[in-house]
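Notes follow the structure.
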Amino acid sequence: MNALAFAVMLLSQLASHDAQVVVARPEVSNANVVHVGQTLVIPLYDGQIAPLWHDAEGLRRVGQRRIHKHDLLQDLGKRTAFGGYDASSERSEAFIVERPGAGSINVTLRLPQLKERCVSCRTVHFYFHAQ
(Lines give C-alpha, C1' and ligand atoms only; values in the text may rest on other atoms or scores of the structure.)
Protein backbone atom coordinates (compact mmCIF):
# COMPACT_ATOMS: atom_id res chain seq x y z
CA MET A 1 0.00 0.00 0.00
CA ASN A 2 2.84 2.43 0.80
CA ALA A 3 4.38 1.84 -2.63
CA LEU A 4 1.08 2.69 -4.32
CA ALA A 5 0.69 5.89 -2.29
CA PHE A 6 4.28 6.87 -3.13
CA ALA A 7 3.69 6.23 -6.85
CA VAL A 8 0.52 8.35 -6.88
CA MET A 9 2.29 11.16 -5.03
CA LEU A 10 5.25 11.03 -7.43
CA LEU A 11 3.01 11.08 -10.51
CA SER A 12 1.00 14.03 -9.19
CA GLN A 13 4.20 15.99 -8.54
CA LEU A 14 5.50 15.23 -12.03
CA ALA A 15 2.19 16.25 -13.60
CA SER A 16 2.08 19.55 -11.76
CA HIS A 17 5.72 20.24 -12.70
CA ASP A 18 5.00 19.59 -16.39
CA ALA A 19 1.98 21.90 -16.23
CA GLN A 20 4.33 24.65 -15.07
CA VAL A 21 6.61 24.27 -18.13
CA VAL A 22 5.48 25.37 -21.59
CA VAL A 23 7.71 24.52 -24.56
CA ALA A 24 7.12 27.23 -27.14
CA ARG A 25 6.18 26.61 -30.77
CA PRO A 26 8.01 28.70 -33.37
CA GLU A 27 6.46 31.19 -35.79
CA VAL A 28 2.88 30.88 -34.49
CA SER A 29 1.59 34.20 -33.21
CA ASN A 30 -1.17 32.92 -30.90
CA ALA A 31 0.01 29.45 -29.85
CA ASN A 32 2.26 30.23 -26.89
CA VAL A 33 -0.04 31.31 -24.08
CA VAL A 34 1.60 31.20 -20.65
CA HIS A 35 0.54 32.26 -17.19
CA VAL A 36 2.40 34.14 -14.47
CA GLY A 37 4.56 31.65 -12.57
CA GLN A 38 5.01 29.24 -15.46
CA THR A 39 8.31 28.58 -17.20
CA LEU A 40 8.47 29.32 -20.93
CA VAL A 41 11.06 27.15 -22.65
CA ILE A 42 12.49 28.10 -26.05
CA PRO A 43 14.12 25.33 -28.15
CA LEU A 44 17.52 26.49 -29.43
CA TYR A 45 18.03 23.98 -32.28
CA ASP A 46 21.59 24.85 -33.39
CA GLY A 47 21.42 28.52 -32.41
CA GLN A 48 21.27 30.93 -29.53
CA ILE A 49 18.88 33.50 -28.08
CA ALA A 50 19.10 36.81 -29.92
CA PRO A 51 19.44 40.01 -27.85
CA LEU A 52 16.16 40.46 -25.95
CA TRP A 53 15.77 44.23 -25.63
CA HIS A 54 12.17 45.13 -24.74
CA ASP A 55 10.41 42.23 -26.52
CA ALA A 56 10.58 39.94 -23.51
CA GLU A 57 9.41 42.25 -20.75
CA GLY A 58 7.79 40.35 -17.92
CA LEU A 59 10.08 37.34 -18.38
CA ARG A 60 13.12 36.49 -16.31
CA ARG A 61 15.82 34.44 -17.99
CA VAL A 62 16.86 31.46 -15.88
CA GLY A 63 19.36 29.77 -18.20
CA GLN A 64 19.68 26.75 -20.41
CA ARG A 65 17.72 23.55 -19.85
CA ARG A 66 17.75 20.14 -21.47
CA ILE A 67 14.45 19.12 -23.14
CA HIS A 68 13.43 16.27 -25.39
CA LYS A 69 14.95 16.69 -28.84
CA HIS A 70 13.28 19.34 -31.02
CA ASP A 71 13.65 19.37 -34.80
CA LEU A 72 13.37 22.76 -36.54
CA LEU A 73 11.57 21.65 -39.70
CA GLN A 74 9.25 19.37 -37.80
CA ASP A 75 8.36 22.16 -35.35
CA LEU A 76 7.73 24.57 -38.23
CA GLY A 77 5.58 22.03 -40.06
CA LYS A 78 6.96 22.97 -43.46
CA ARG A 79 9.97 21.84 -45.46
CA THR A 80 10.64 25.06 -47.38
CA ALA A 81 11.77 27.19 -44.44
CA PHE A 82 15.46 28.04 -44.18
CA GLY A 83 16.22 26.60 -47.60
CA GLY A 84 15.07 23.18 -46.42
CA TYR A 85 18.04 22.93 -44.05
CA ASP A 86 17.39 21.45 -40.66
CA ALA A 87 18.73 21.70 -37.13
CA SER A 88 17.82 19.90 -33.93
CA SER A 89 18.99 19.59 -30.36
CA GLU A 90 17.99 19.00 -26.76
CA ARG A 91 19.11 22.49 -25.71
CA SER A 92 16.66 25.22 -24.71
CA GLU A 93 16.58 28.52 -22.86
CA ALA A 94 14.12 28.91 -19.98
CA PHE A 95 12.26 32.03 -18.82
CA ILE A 96 10.02 32.48 -15.76
CA VAL A 97 6.85 34.47 -16.49
CA GLU A 98 6.73 37.24 -13.88
CA ARG A 99 3.91 39.46 -15.18
CA PRO A 100 1.31 39.65 -17.96
CA GLY A 101 2.32 40.91 -21.38
CA ALA A 102 3.22 39.83 -24.86
CA GLY A 103 6.25 39.79 -27.09
CA SER A 104 8.69 37.52 -28.83
CA ILE A 105 11.90 35.73 -28.08
CA ASN A 106 14.06 35.12 -31.11
CA VAL A 107 16.62 32.42 -31.82
CA THR A 108 19.41 33.09 -34.30
CA LEU A 109 20.31 29.83 -36.04
CA ARG A 110 23.82 28.88 -37.13
CA LEU A 111 22.80 26.66 -40.08
CA PRO A 112 26.29 26.60 -41.65
CA GLN A 113 24.86 25.08 -44.85
CA LEU A 114 22.62 28.10 -45.46
CA LYS A 115 24.32 30.50 -47.87
CA GLU A 116 22.27 33.50 -46.68
CA ARG A 117 24.39 35.45 -44.23
CA CYS A 118 21.84 37.99 -42.99
CA VAL A 119 20.71 37.56 -39.38
CA SER A 120 17.03 38.06 -40.23
CA CYS A 121 17.23 35.11 -42.66
CA ARG A 122 18.39 32.91 -39.78
CA THR A 123 15.93 34.10 -37.12
CA VAL A 124 13.16 31.96 -35.65
CA HIS A 125 10.49 33.89 -33.73
CA PHE A 126 8.75 32.53 -30.63
CA TYR A 127 5.79 34.81 -29.91
CA PHE A 128 4.21 34.60 -26.46
CA HIS A 129 1.23 35.99 -24.63
CA ALA A 130 1.47 35.99 -20.83
CA GLN A 131 -1.67 36.19 -18.69
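Ordering of the C-alpha coordinates sets the chain letters (A, B, ...); residue numbers start at 1 within each chain; ligands are numbered from 1 in the order shown.
Look at Ala94 in chain A: the protein and nucleic acid residues within 10 Å of it, using only C-alpha atoms and passing over chain neighbours fewer than 4 places away, are A:Val21, A:Val22, A:Val23, A:Thr39, A:Leu40, A:Val41, A:Ile42, A:Pro43, A:Leu59, A:Arg60, A:Arg61, A:Val62, A:Gly63, A:Gln64, A:Arg65, A:Arg66.
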Can you list, as a count of residues only, every residue of chain A that DSSP puts in strand (DSSP E)?
-> 51
Separation of CA of Pro112 in chain A from CA of Asp71 in chain A, in Å and rounded to one decimal = 16.1 Å
Fewer than 3 positions away in the same chain doesn't count, so skip those; otherwise give me all residues within 9 Å of Leu73 in chain A, counting only C-alpha atoms, as a list in words.
->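 Non-adjacent residues within range: Leu76, Gly77, Lys78, Arg79, Thr80, Ala81, Phe82, Gly84, Tyr85, Asp86, Ala87 and Ser88 of chain A.
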Glu27 in chain A proximity check over A:Ile49, A:Ala130, A:Val124, A:Leu111, using only C-alpha atoms: winner is A:Val124
Which of these, A:Phe128, A:Ile67, A:Ala56, A:Gly37, has the shortest distance to Ser89 in chain A once you count only C-alpha atoms?
->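 Among the listed residues, A:Ile67 lies closest to Ser89 in chain A.
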